[in-house]
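**Q** Encoded as structure tokens, here's the structure I'll be asking about.
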Amino acid sequence: MELLCIRQWISGLLPTVKKWLSAWCIKPVGGALVRQEPEYILLALMGSPLKKIMLCSSEKEIFSVEEQVMVQHSVIINNMIEDGSYNHEESKIPLDCVDSKTLKKVIDYCTHHTHHHNDNQEDLEAWDAQFLNVDSNGLYDLLMAANYLEIRNLLDLIYGTIKNMIKGKKIDEIRRIFNIKDHGFTPEEEEQNRKEYPHFY
Amino acid sequence: MKKAAYSFPEEVLEHVFSFIVSDKDRSSISLVCKSWYEIERWCRRKVFVGNCYAVSPPILIKRFPELRSVTLKGKPHFADFNLVPEGWGGFACPWIRAMAGAYPWLEEIRLKRMVVSDESLEIIAKSFRNFKVLVLSSCEGFTTEGLAAIAANCRNLRELDLRESEVEDLSGRWLSDFPDSYTSLESLNISCLGNEVNLLALERLVSRCPNLKTLRLNRAVPLDRLPNLLRGAPQLAELGTGAYTSEMRPDVFSNLAEAFAGCKQLKTLSGFWDVLPSYLPAVYPICSQLISLNLSYATVQSPDLIKLVSRCEKLQKLWVLDYIEDDGLEVLAASCKDLRELRVFPSDPFGLEPNVALTEQGLVSVSEGCPKLQSVLYFCRQMSNAALNTIARNRPNLTRFRLCIIEPRSPDYLTLQPLDDGFGAIVEHCKDLRRLSLSGLLTDRVFGYIGTYGKKLEMLSVAFAGDSDLGLHHVLSGCDNLRKLEIRDCPFGDKALLANAAKLETMRSLWMSSCSVSFGACKVLGQKMPRLNVEVMDESGPPDSRPESSPVEKLYVYRTVAGPRLDMPGFVWTMDDNSALRIS
């Protein structure tokens with residue numbers, strides 16, 4: 001209940017604050033802020049360095065990203081921050097099952113959605129569509145990463161995309177999109193299927 | 001990180017598949033590859049079996065072990081016109097027994113044109129703890145005793161719909177078998193029952209079920225009880241009245257009008273048996289919110305129908321008797337711009353002379369005035385190529401067009417020519433046409449048009465048409481998406497059938513009665529196509545007691561993975577790949 005009030009207060013506060021900040025040329029924090037005390041936010045808005053965290057890909061590459069951004073989107077990272085197992089001075093979060101290319105994309109997604117969350121629906125959807133314009137290998141990697149990091153909205157987006165890769169498509173096309181080279185049916189089974197359901201293929 | 005050729009893990013696919021629910025898409029998924037087939041079959045919850053003999057209970061259960069909803073259809077469509085003799089088949093019992101054992105969590109059973117016994121209903125009542133939906137559409141074979149078992153035992157029942165079934169109505173008492181604690185009813189359709197139900201029990205049931213959205217009463221529910229029922233369920237969205245007549249008393253009328261006005265969410269009306277026209281205005285308060293109106297039992301004349309229909313500006317679906325006449329249809333065209341479906345039924349189909357002023361003009365008016373019209377079923381006594389042409393050009397968005405000119409082989413009444421060109425225009429312009437019924441005088445030419453243009457056609461009904469096998473050949477070779485073909489009294493024979501045998505495996509079924517298909521050809525077809533069941537019906541005796549060249553009375557061919565059926569009555573023979581004739 002309290003969190004809800006705080007959020008409403010903050011979102012009411014933000015437009016005014018943003019205007020004030022831009023007058024002072026201070027970069028505002030974007031998006032709805034959920035888990036922080038109002039006093040802290042004001043402090044942050046007044047110019048404290050934005051808290052960053054370090055993520056480490058499977059290829060041992062370090063990515064620095066606003067804590068805010070990852071905490072909002074990834075349940076796993078949020079939990080780590082909350083339970084105090086992350087020390088801002090020293091720690092980096094190792095993500096051994098996410099390679100650099102995918103991690104960069106995941107960070108892109110979270111960052112965009114945090115900073116642009118007030119954009120209109122159409123623009124966000126267009127950005128998402130462009131973001132997911134990858135081959136199915138890339139989609140697979142993103143799915144695994146989103147699943148591991150428990151990023152709900154990215155997961156839903158990817159599931160929706162996979163669904164659209166199947167729904168209404170011809171079977172030969174589905175096989176191509178999903179890179180299915182061996183369908184596993186016997187030649188007789190495949191022939192019979194094609195005979196009985198010619199317009200599916 | 002080394003990466004092998006990826007594939008999405010099972011849980012991911014299963015999750016994705018759960019968003020894909022249409023039967024077509026599910027079939028598609030299962031054909032992509034073996035591993036998808038496996039995943040899909042375990043997470044399939046809903047299945048539609050268009051022909052109960054195309055598959056068997058054990059095969060279905062083996063493939064889909066976790067179903068929650070099953071729909072089965074039994075007899076062929078022409079059973080509606082009494083062309084399928086009694087005892088033909090479509091027995092639900094073996095299915096219900098098998099499902100009782102395999103699917104303890106089954107929630108929904110929908111059956112159409114099947115024979116359902118009281119025993120089957122009792123099995124349903126006792127076997128499925130979470131049973132929610134029972135729809136028996138045009139079924140037969142059960143009594144109100146079976147209904148009593150359902151009422152007494154199905155605690156979670158949401159829907160009981162007996163639409164157009166033939167029920168042996170032993171007593172209206174069964175309704176009282178719903179326990180007082182039962183409140184989950186959302187939809188009840190008892191319109192087909194002949195006798196009175198216990199009205200007090202009905203009123204109590206209706207008023208204690210807060211989610212009741214659909215209530216279709218039977219004729220025996222008197223009009224003066226309707227207001228009480230409506231007051232008990234002001235949230236109703238769909239209502240079927242009982243007999244719509246009573247002694248004309250002002251208090252009954254005002255009571256009724258008030259009760260209707262209280263149903264702010266009522267969108268669909270049906271029933272209206274024995275209408276007393278002076279009671280029709282009681283529904284005027286809600287006309288502006290109606291989207292569906294079924295007046296196919298309302299024997300009222302055009303002026304009263306016009307007054308009613310002209311108030312229903314949101315109407316999307318209208319079923320009505322031809323009493324509406326051309327004038328009424330003109331008013332409909334002017335008032336109901338949202339109309340999507342029109343069905344006009346004949347009030348006197350067996351009369352020799354027209355009893356109403358309904359002609360092709362009525363349909364032309366509606367096709368002009370209603371831009372969203374997609375589905376038409378129209379009975380009339382005269383038609384012209386010009387009218388059909390106009391209709392086709394006005395409404396290229398038609399998806400279902402069923403025209404029944406009452407007298408067989410009626411020509412264009414203006415030119416006395418066949419109606420080939422008119423129907424040709426329909427298939428040519430209506431590119432998304434999925435269902436077509438032909439009538440009137442027709443030659444092989446119309447079938448040429450259908451084969452050429454009817455690329456999306458899925459169901460075709462033909463009677464008293466064509467000159468030769470060429471007609472049948474055009475349809476079977478041209479209509480890529482054909483699923484159901486039903487033909488009666490046409491000169492179609494062996495050549496076209498045998499030349500297009502392979503096509504039959506891509507269709508659900510073919511029905512041919514009183515045509516020129518010989519017994520010998522049926523045998524050849526049965527032997528050549530092991531995945532088809534070729535059934536010959538002949539009530540005059542075994543077909544092999546006549547020469548091979550004699551035409552068979554009725555032929556029903558359908559694809560199946562279950563082999564020849566074993567429940568055939570004495571007048572049905574299967575032509576399977578044994579050369580010996582098997583008599584069941």
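Going by the structure tokens order, chains are called A, B, ..., each with residues numbered from 1, while ligands are numbered from 1 in the order shown.
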Distance limit 10 Å, atoms considered: only C-alpha atoms. Which chain B residues sit that close to chain A? Return them as number ranges by chain.

**A** B: 1, 3, 5-9, 12-13, 15-22, 24-37, 480-481, 502-507, 559

**Q** Write out as a PyMOL selection string the set of residues from region 32-135 of chain A that DSSP, computed on the backbone, places in strand (DSSP E).

**A** chain A and resi 52-56+62-66+93-94

**Q** Do you have the CA of Asp326 (chain B)-CA of Val309 (chain B) distance handy?

**A**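 So the answer is 13.5 Å.
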
**Q** Any idea what's packed within 7 Å of Glu66 (chain A), counting only C-alpha atoms, ignoring anything in its chain fewer than 3 positions away? Could you give it as a PyMOL selection string?

**A** chain A and resi 50-53+69-70

**Q** Distance CA of Val49 (chain B)-CA of Leu72 (chain B), one decimal place?

**A**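 Separation of CA of Val49 (chain B) and CA of Leu72 (chain B): 4.9 Å.
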
**Q** Where in region 10-133 of chain B does DSSP assign helix (DSSP H, G or I), given as a PyMOL selection string?

**A** chain B and resi 10-17+23-32+34-43+57-63+77-81+93-102+118-127

**Q** Kindly export the residues of the current selection with C-alpha atoms, as a PDB file, in the first residue's frame.

**A**
ATOM      1  CA  GLU B  10      10.661 -28.585 -24.474  1.00  0.00           C
ATOM      2  CA  GLU B  11       9.306 -26.312 -21.727  1.00  0.00           C
ATOM      3  CA  VAL B  12       9.739 -23.307 -23.980  1.00  0.00           C
ATOM      4  CA  LEU B  13       7.885 -24.939 -26.857  1.00  0.00           C
ATOM      5  CA  GLU B  14       5.188 -26.178 -24.549  1.00  0.00           C
ATOM      6  CA  HIS B  15       4.713 -22.674 -23.225  1.00  0.00           C
ATOM      7  CA  VAL B  16       4.587 -21.205 -26.726  1.00  0.00           C
ATOM      8  CA  PHE B  17       2.148 -23.877 -27.878  1.00  0.00           C
ATOM      9  CA  ASP B  23      -7.214 -26.687 -34.416  1.00  0.00           C
ATOM     10  CA  LYS B  24      -5.569 -25.814 -37.681  1.00  0.00           C
ATOM     11  CA  ASP B  25      -2.501 -24.352 -36.017  1.00  0.00           C
ATOM     12  CA  ARG B  26      -2.231 -27.281 -33.608  1.00  0.00           C
ATOM     13  CA  SER B  27      -2.367 -29.726 -36.506  1.00  0.00           C
ATOM     14  CA  SER B  28       0.275 -27.692 -38.233  1.00  0.00           C
ATOM     15  CA  ILE B  29       2.576 -27.804 -35.219  1.00  0.00           C
ATOM     16  CA  SER B  30       2.298 -31.554 -34.998  1.00  0.00           C
ATOM     17  CA  LEU B  31       3.355 -31.924 -38.629  1.00  0.00           C
ATOM     18  CA  VAL B  32       6.532 -29.835 -38.366  1.00  0.00           C
ATOM     19  CA  LYS B  34       8.510 -35.567 -34.656  1.00  0.00           C
ATOM     20  CA  SER B  35       9.686 -33.863 -31.475  1.00  0.00           C
ATOM     21  CA  TRP B  36       7.102 -31.092 -31.884  1.00  0.00           C
ATOM     22  CA  TYR B  37       4.478 -33.748 -32.532  1.00  0.00           C
ATOM     23  CA  GLU B  38       5.379 -35.306 -29.200  1.00  0.00           C
ATOM     24  CA  ILE B  39       5.393 -32.070 -27.228  1.00  0.00           C
ATOM     25  CA  GLU B  40       2.173 -30.912 -28.846  1.00  0.00           C
ATOM     26  CA  ARG B  41       0.225 -34.031 -28.136  1.00  0.00           C
ATOM     27  CA  TRP B  42       0.994 -33.915 -24.430  1.00  0.00           C
ATOM     28  CA  CYS B  43      -0.119 -30.331 -24.044  1.00  0.00           C
ATOM     29  CA  PRO B  57     -11.464 -43.680 -28.942  1.00  0.00           C
ATOM     30  CA  PRO B  58      -8.281 -45.670 -28.281  1.00  0.00           C
ATOM     31  CA  ILE B  59      -6.403 -43.866 -31.052  1.00  0.00           C
ATOM     32  CA  LEU B  60      -7.514 -40.473 -29.779  1.00  0.00           C
ATOM     33  CA  ILE B  61      -6.683 -41.257 -26.188  1.00  0.00           C
ATOM     34  CA  LYS B  62      -3.299 -42.660 -27.076  1.00  0.00           C
ATOM     35  CA  ARG B  63      -2.345 -39.568 -28.994  1.00  0.00           C
ATOM     36  CA  HIS B  77     -25.234 -33.209 -42.581  1.00  0.00           C
ATOM     37  CA  PHE B  78     -27.912 -34.644 -44.882  1.00  0.00           C
ATOM     38  CA  ALA B  79     -29.323 -36.428 -41.827  1.00  0.00           C
ATOM     39  CA  ASP B  80     -31.050 -33.102 -41.175  1.00  0.00           C
ATOM     40  CA  PHE B  81     -33.134 -33.757 -44.296  1.00  0.00           C
ATOM     41  CA  CYS B  93     -21.440 -44.494 -25.851  1.00  0.00           C
ATOM     42  CA  PRO B  94     -18.112 -46.082 -26.813  1.00  0.00           C
ATOM     43  CA  TRP B  95     -16.539 -42.626 -26.746  1.00  0.00           C
ATOM     44  CA  ILE B  96     -17.968 -41.659 -23.416  1.00  0.00           C
ATOM     45  CA  ARG B  97     -17.010 -44.957 -21.812  1.00  0.00           C
ATOM     46  CA  ALA B  98     -13.462 -44.667 -23.065  1.00  0.00           C
ATOM     47  CA  MET B  99     -13.103 -41.037 -22.036  1.00  0.00           C
ATOM     48  CA  ALA B 100     -14.481 -41.782 -18.587  1.00  0.00           C
ATOM     49  CA  GLY B 101     -11.543 -44.069 -18.042  1.00  0.00           C
ATOM     50  CA  ALA B 102      -8.879 -41.940 -19.681  1.00  0.00           C
ATOM     51  CA  ASP B 118     -29.230 -42.166 -20.762  1.00  0.00           C
ATOM     52  CA  GLU B 119     -26.502 -44.559 -19.758  1.00  0.00           C
ATOM     53  CA  SER B 120     -23.931 -42.309 -21.429  1.00  0.00           C
ATOM     54  CA  LEU B 121     -25.288 -39.298 -19.573  1.00  0.00           C
ATOM     55  CA  GLU B 122     -25.069 -41.189 -16.324  1.00  0.00           C
ATOM     56  CA  ILE B 123     -21.477 -42.093 -17.033  1.00  0.00           C
ATOM     57  CA  ILE B 124     -20.688 -38.437 -17.707  1.00  0.00           C
ATOM     58  CA  ALA B 125     -22.442 -37.411 -14.518  1.00  0.00           C
ATOM     59  CA  LYS B 126     -20.424 -39.807 -12.390  1.00  0.00           C
ATOM     60  CA  SER B 127     -16.999 -39.826 -14.045  1.00  0.00           C
TER      61      SER B 127
END

**Q** Give me the residues within 12 Å of region 146-149 of chain B as a VMD selection string, counting only C-alpha atoms and dropping any in the same chain fewer than 6 places off.

**A** chain B and resid 116 to 127 134 to 136 140 155 160 to 162 167 to 179 190 193 197

**Q** Counting only C-alpha atoms, which of A:Asp83, A:Leu154, A:Tyr148, A:Ile107 gets nearest to Asp128 (chain A)?

**A**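 Looking only at the distances to Asp128 (chain A), the closest residue turns out to be A:Leu154.
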
**Q** Write out as a list in words which residues come within 10 Å of Glu353 (chain B) when counting only C-alpha atoms, dropping same-chain ones fewer than 4 positions away.

**A**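 Counting only C-alpha atoms, the residues come to Asp348, Pro349 and Arg381 of chain B.
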
**Q** Could you pull the residues within 7 Å of Cys56 (chain A), counting only C-alpha atoms, minus those fewer than 6 positions along the same chain, as a VMD selection string?

**A** chain A and resid 62 to 63 92 to 95

**Q** Compile the contact shell of Val552 (chain B) as number ranges by chain: residues with an atom at most 10 Å away, counting only C-alpha atoms, same-chain residues fewer than 3 positions apart removed.

**A** B: 512-522, 536-538, 543, 546, 548-549, 555

**Q** Could you tell me how far CA of Val427 (chain B) sits from CA of Tyr453 (chain B), in Å to one decimal place?

**A**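 Distance between the two atoms: 5.7 Å.
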